[in-house]
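Each remark here refers to the structure printed beneath this line.
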Amino acid sequence: MNAFGTCSSSATIPISLKCASEKIGIPEEITSLTLPLGATINMDAVSILMSFMITFFATALGIDLSIGTMVTVLACNVLLSIGTPSVPGGAIAAFAALCPIAGIPTNQILGVYISVNTLCDMGATCVNVIGDLACSTVLKQTLHFDKKK
């Protein structure tokens with residue numbers, strides 16, 4: 001609920017740390033590294049969302065995206081989205097930078113994107129936080145932290 005309401009992966013770190021240790025039983029040795037690192041660089045949901053939005057708006061405006069343009073947008077998208085999960089609304093600036101790369105006139109669609117961004121950001125933040133916790137759980141299983149010392 002915190003991730004959904006704040007739209008910030010960084011704001012969820014204290015709650016994620018508490019849930020990971022108390023409810024899932026992940027040791028602090030793992031969560032103290034994976035959760036803050038994931039909140040900073042986990043970009044999966046934001047990157048997928050911006051790629052989808054670029055494709056949607058290009059199609060809506062009748063702009064054909066070549067394979068080369070799509071690869072360029074994807075590479076720039078990955079680089080731009082690294083810091084955006086921790087900042088609410090940070091995807092707006094990244095999206096505005098991606099539009100000219102794809103040949104999309106920013107002034108025609110940015111208002112529409114901003115109007116749906118918060119709702120999309122809520123879902124993307126939840127996916128990113130769940131991904132951070134899943135990564136911590138996988139590391140716990142892989143490193144065999146379940147066994148008693």
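Ligands are numbered from 1 in the order shown, residues from 1 within each chain, and chains are lettered A, B, ... in the order they appear in the structure tokens.
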Near-Cys99 in chain A list (9 Å; only C-alpha atoms; drop same-chain fewer than 4 positions) as a PyMOL selection string: chain A and resi 54+58+73+94-95+103-106
Since we have the selection now, will you write its residues out, keeping N, CA, C and O atoms, as a PDB file, in the first residue's frame?
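As a result, out_36.pdb now contains:
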ATOM      1  N   ILE A  54       5.669   5.004 -25.532  1.00  0.00           N
ATOM      2  CA  ILE A  54       6.277   5.535 -26.758  1.00  0.00           C
ATOM      3  C   ILE A  54       5.637   4.864 -27.975  1.00  0.00           C
ATOM      4  O   ILE A  54       5.257   5.531 -28.942  1.00  0.00           O
ATOM      5  N   ALA A  58       3.282   6.874 -30.664  1.00  0.00           N
ATOM      6  CA  ALA A  58       3.744   6.884 -32.054  1.00  0.00           C
ATOM      7  C   ALA A  58       2.661   6.321 -32.970  1.00  0.00           C
ATOM      8  O   ALA A  58       2.376   6.891 -34.031  1.00  0.00           O
ATOM      9  N   VAL A  73      15.491   3.745 -28.801  1.00  0.00           N
ATOM     10  CA  VAL A  73      14.587   4.159 -27.718  1.00  0.00           C
ATOM     11  C   VAL A  73      14.741   3.233 -26.516  1.00  0.00           C
ATOM     12  O   VAL A  73      14.798   3.681 -25.368  1.00  0.00           O
ATOM     13  N   ALA A  94      11.874  11.694 -18.074  1.00  0.00           N
ATOM     14  CA  ALA A  94      12.484  10.671 -18.926  1.00  0.00           C
ATOM     15  C   ALA A  94      11.656  10.472 -20.191  1.00  0.00           C
ATOM     16  O   ALA A  94      12.207  10.331 -21.289  1.00  0.00           O
ATOM     17  N   PHE A  95      10.342  10.489 -20.055  1.00  0.00           N
ATOM     18  CA  PHE A  95       9.471  10.323 -21.219  1.00  0.00           C
ATOM     19  C   PHE A  95       9.611  11.505 -22.174  1.00  0.00           C
ATOM     20  O   PHE A  95       9.638  11.322 -23.401  1.00  0.00           O
ATOM     21  N   GLY A 103      10.882  10.551 -32.555  1.00  0.00           N
ATOM     22  CA  GLY A 103      10.243  11.402 -33.554  1.00  0.00           C
ATOM     23  C   GLY A 103       8.846  11.836 -33.175  1.00  0.00           C
ATOM     24  O   GLY A 103       8.057  12.230 -34.024  1.00  0.00           O
ATOM     25  N   ILE A 104       8.525  11.756 -31.909  1.00  0.00           N
ATOM     26  CA  ILE A 104       7.197  12.141 -31.426  1.00  0.00           C
ATOM     27  C   ILE A 104       7.254  13.588 -30.944  1.00  0.00           C
ATOM     28  O   ILE A 104       8.106  13.930 -30.116  1.00  0.00           O
ATOM     29  N   PRO A 105       6.367  14.456 -31.434  1.00  0.00           N
ATOM     30  CA  PRO A 105       6.348  15.843 -30.959  1.00  0.00           C
ATOM     31  C   PRO A 105       5.849  15.908 -29.511  1.00  0.00           C
ATOM     32  O   PRO A 105       4.681  15.636 -29.231  1.00  0.00           O
ATOM     33  N   THR A 106       6.735  16.243 -28.619  1.00  0.00           N
ATOM     34  CA  THR A 106       6.439  16.226 -27.177  1.00  0.00           C
ATOM     35  C   THR A 106       5.269  17.136 -26.825  1.00  0.00           C
ATOM     36  O   THR A 106       4.435  16.783 -25.993  1.00  0.00           O
TER      37      THR A 106
END
What are the DSSP alpha helix (DSSP H) residues of range 8-40 of chain A, as a list in words?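 Answer for range 8-40 of chain A, restricted to alpha helix (DSSP H): Ile13, Pro14, Ile15, Ser16, Leu17, Lys18, Cys19, Glu28, Glu29, Ile30, Thr31, Ser32, Leu33, Thr34, Leu35, Pro36, Leu37, Gly38, Ala39 and Thr40 of chain A.
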Could you dump the residues just selected with N, CA and C atoms as a CSV table (one decimal), in the first residue's frame?
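The result, stored in out-v6.csv:
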chain,number,residue,atom,x,y,z
A,13,ILE,N,11.5,1.7,1.4
A,13,ILE,CA,12.6,0.9,1.9
A,13,ILE,C,12.4,0.5,3.4
A,14,PRO,N,12.1,1.4,4.3
A,14,PRO,CA,11.9,1.0,5.7
A,14,PRO,C,10.8,-0.1,5.9
A,15,ILE,N,9.7,0.0,5.2
A,15,ILE,CA,8.6,-1.0,5.3
A,15,ILE,C,9.1,-2.3,4.7
A,16,SER,N,9.7,-2.2,3.5
A,16,SER,CA,10.2,-3.4,2.8
A,16,SER,C,11.2,-4.1,3.7
A,17,LEU,N,12.1,-3.4,4.3
A,17,LEU,CA,13.1,-4.1,5.2
A,17,LEU,C,12.4,-4.8,6.4
A,18,LYS,N,11.4,-4.1,7.0
A,18,LYS,CA,10.7,-4.7,8.1
A,18,LYS,C,9.9,-6.0,7.6
A,19,CYS,N,9.2,-5.9,6.5
A,19,CYS,CA,8.4,-7.0,6.0
A,19,CYS,C,9.3,-8.2,5.6
A,28,GLU,N,19.2,-9.8,7.4
A,28,GLU,CA,19.6,-8.4,7.2
A,28,GLU,C,20.8,-8.3,6.2
A,29,GLU,N,21.7,-9.3,6.2
A,29,GLU,CA,22.8,-9.3,5.4
A,29,GLU,C,22.4,-9.2,3.9
A,30,ILE,N,21.3,-9.8,3.6
A,30,ILE,CA,20.8,-9.7,2.2
A,30,ILE,C,20.0,-8.5,1.9
A,31,THR,N,19.0,-8.2,2.8
A,31,THR,CA,18.1,-7.1,2.6
A,31,THR,C,18.8,-5.7,2.7
A,32,SER,N,19.8,-5.6,3.5
A,32,SER,CA,20.5,-4.3,3.6
A,32,SER,C,21.2,-3.9,2.3
A,33,LEU,N,21.5,-4.9,1.4
A,33,LEU,CA,22.1,-4.6,0.1
A,33,LEU,C,21.0,-4.6,-1.0
A,34,THR,N,20.2,-5.6,-1.1
A,34,THR,CA,19.3,-5.7,-2.2
A,34,THR,C,18.2,-4.7,-2.2
A,35,LEU,N,17.6,-4.4,-1.1
A,35,LEU,CA,16.4,-3.5,-1.1
A,35,LEU,C,16.8,-2.0,-1.5
A,36,PRO,N,17.8,-1.4,-0.8
A,36,PRO,CA,18.2,-0.1,-1.2
A,36,PRO,C,18.8,0.0,-2.7
A,37,LEU,N,19.5,-1.0,-3.1
A,37,LEU,CA,20.1,-1.1,-4.4
A,37,LEU,C,18.9,-1.2,-5.4
A,38,GLY,N,18.0,-2.1,-5.1
A,38,GLY,CA,16.8,-2.3,-6.0
A,38,GLY,C,16.0,-1.0,-6.1
A,39,ALA,N,15.8,-0.3,-5.0
A,39,ALA,CA,15.0,0.9,-5.0
A,39,ALA,C,15.7,2.0,-5.9
A,40,THR,N,17.0,1.9,-6.0
A,40,THR,CA,17.7,2.9,-6.8
A,40,THR,C,17.8,2.5,-8.3
Residue nearest Leu80 in chain A - candidates A:Met122, A:Ala93, A:Ala60, A:Val112, atoms counted: only C-alpha atoms: A:Ala93
All residues 12 Å or closer to Phe56 in chain A, only C-alpha atoms, same chain fewer than 6 positions away omitted, as an MDAnalysis selection string: chainID A and resid 49:50 62:65 99 102 104 109 112:113
Selected residues, N, CA and C atoms, written as a tab-separated table (two decimals), in the first residue's frame, please.
chain	number	residue	atom	x	y	z
A	49	LEU	N	6.90	0.31	-19.08
A	49	LEU	CA	5.82	1.27	-19.22
A	49	LEU	C	6.17	2.36	-20.24
A	50	MET	N	7.37	2.92	-20.14
A	50	MET	CA	7.75	3.98	-21.07
A	50	MET	C	7.88	3.46	-22.50
A	62	GLY	N	0.39	8.21	-35.90
A	62	GLY	CA	0.68	7.73	-37.24
A	62	GLY	C	2.16	7.75	-37.59
A	63	ILE	N	3.01	7.67	-36.58
A	63	ILE	CA	4.47	7.67	-36.79
A	63	ILE	C	4.95	6.23	-36.83
A	64	ASP	N	5.62	5.87	-37.90
A	64	ASP	CA	6.18	4.52	-38.02
A	64	ASP	C	7.53	4.46	-37.32
A	65	LEU	N	7.67	3.51	-36.41
A	65	LEU	CA	8.94	3.32	-35.72
A	65	LEU	C	9.70	2.18	-36.38
A	99	CYS	N	10.71	11.12	-26.25
A	99	CYS	CA	9.82	11.46	-27.37
A	99	CYS	C	10.57	11.96	-28.61
A	102	ALA	N	12.22	9.24	-30.61
A	102	ALA	CA	11.30	8.43	-31.41
A	102	ALA	C	10.60	9.25	-32.50
A	104	ILE	N	8.52	11.76	-31.91
A	104	ILE	CA	7.20	12.14	-31.43
A	104	ILE	C	7.25	13.59	-30.94
A	109	ILE	N	1.68	15.44	-27.00
A	109	ILE	CA	1.22	14.29	-26.21
A	109	ILE	C	1.60	14.35	-24.73
A	112	VAL	N	-1.29	14.50	-22.19
A	112	VAL	CA	-2.01	13.24	-22.04
A	112	VAL	C	-1.19	12.28	-21.17
A	113	TYR	N	0.12	12.22	-21.43
A	113	TYR	CA	0.98	11.33	-20.64
A	113	TYR	C	0.98	11.72	-19.16
Cys76 in chain A: which residues within 10 Å, counting only C-alpha atoms, same-chain residues fewer than 3 positions away excluded, as a VMD selection string? chain A and resid 47 70 to 73 79 to 81 94 97 to 98 101
Atoms to include: N, CA, C and O atoms. Write the selected residues as a short mmCIF file (atom, residue, chain, number, x, y, z; two decimals), in the first residue's frame.
data_model
loop_
_atom_site.label_atom_id
_atom_site.label_comp_id
_atom_site.auth_asym_id
_atom_site.auth_seq_id
_atom_site.Cartn_x
_atom_site.Cartn_y
_atom_site.Cartn_z
N SER A 47 10.65 1.01 -17.19
CA SER A 47 11.19 0.85 -18.53
C SER A 47 10.15 0.23 -19.47
O SER A 47 9.98 0.69 -20.61
N MET A 70 13.41 1.76 -32.55
CA MET A 70 12.95 1.06 -31.35
C MET A 70 14.12 0.61 -30.47
O MET A 70 14.05 0.72 -29.24
N VAL A 71 15.19 0.13 -31.10
CA VAL A 71 16.37 -0.29 -30.33
C VAL A 71 17.01 0.92 -29.66
O VAL A 71 17.42 0.85 -28.49
N THR A 72 17.09 2.04 -30.38
CA THR A 72 17.65 3.26 -29.79
C THR A 72 16.81 3.74 -28.62
O THR A 72 17.34 4.11 -27.57
N VAL A 73 15.49 3.75 -28.80
CA VAL A 73 14.59 4.16 -27.72
C VAL A 73 14.74 3.23 -26.52
O VAL A 73 14.80 3.68 -25.37
N LEU A 79 18.71 3.55 -19.83
CA LEU A 79 19.60 4.50 -19.16
C LEU A 79 18.82 5.59 -18.42
O LEU A 79 19.17 5.97 -17.31
N LEU A 80 17.76 6.08 -19.04
CA LEU A 80 16.97 7.16 -18.42
C LEU A 80 16.16 6.68 -17.21
O LEU A 80 15.89 7.45 -16.30
N SER A 81 15.77 5.44 -17.22
CA SER A 81 14.86 4.97 -16.16
C SER A 81 15.58 4.49 -14.91
O SER A 81 14.93 4.09 -13.96
N ALA A 94 11.87 11.69 -18.07
CA ALA A 94 12.48 10.67 -18.93
C ALA A 94 11.66 10.47 -20.19
O ALA A 94 12.21 10.33 -21.29
N ALA A 97 12.21 13.22 -22.64
CA ALA A 97 13.50 13.07 -23.34
C ALA A 97 13.43 11.98 -24.41
O ALA A 97 14.13 12.05 -25.42
N LEU A 98 12.61 10.96 -24.20
CA LEU A 98 12.49 9.86 -25.17
C LEU A 98 11.68 10.24 -26.41
O LEU A 98 11.91 9.70 -27.49
N ILE A 101 13.55 11.37 -29.53
CA ILE A 101 14.34 10.26 -30.07
C ILE A 101 13.48 9.41 -30.99
O ILE A 101 13.93 8.92 -32.02
#
Work out how far CA of Ser51 in chain A is from CA of Gln108 in chain A, in Å to one decimal.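 Result for CA of Gln108 in chain A versus CA of Ser51 in chain A: 17.7 Å, one decimal.
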Within 8 Å of range 127-141 of chain A using only C-alpha atoms, minus same-chain residues under 2 positions, as a ChimeraX atom specification: /A:3,9,12,16,20,24,26-27,30-31,34-35,38-39,42-45,85,123-125,143-146
What does the distance from CA of Thr6 in chain A to CA of Pro88 in chain A come to in Å, to one decimal? 7.2 Å
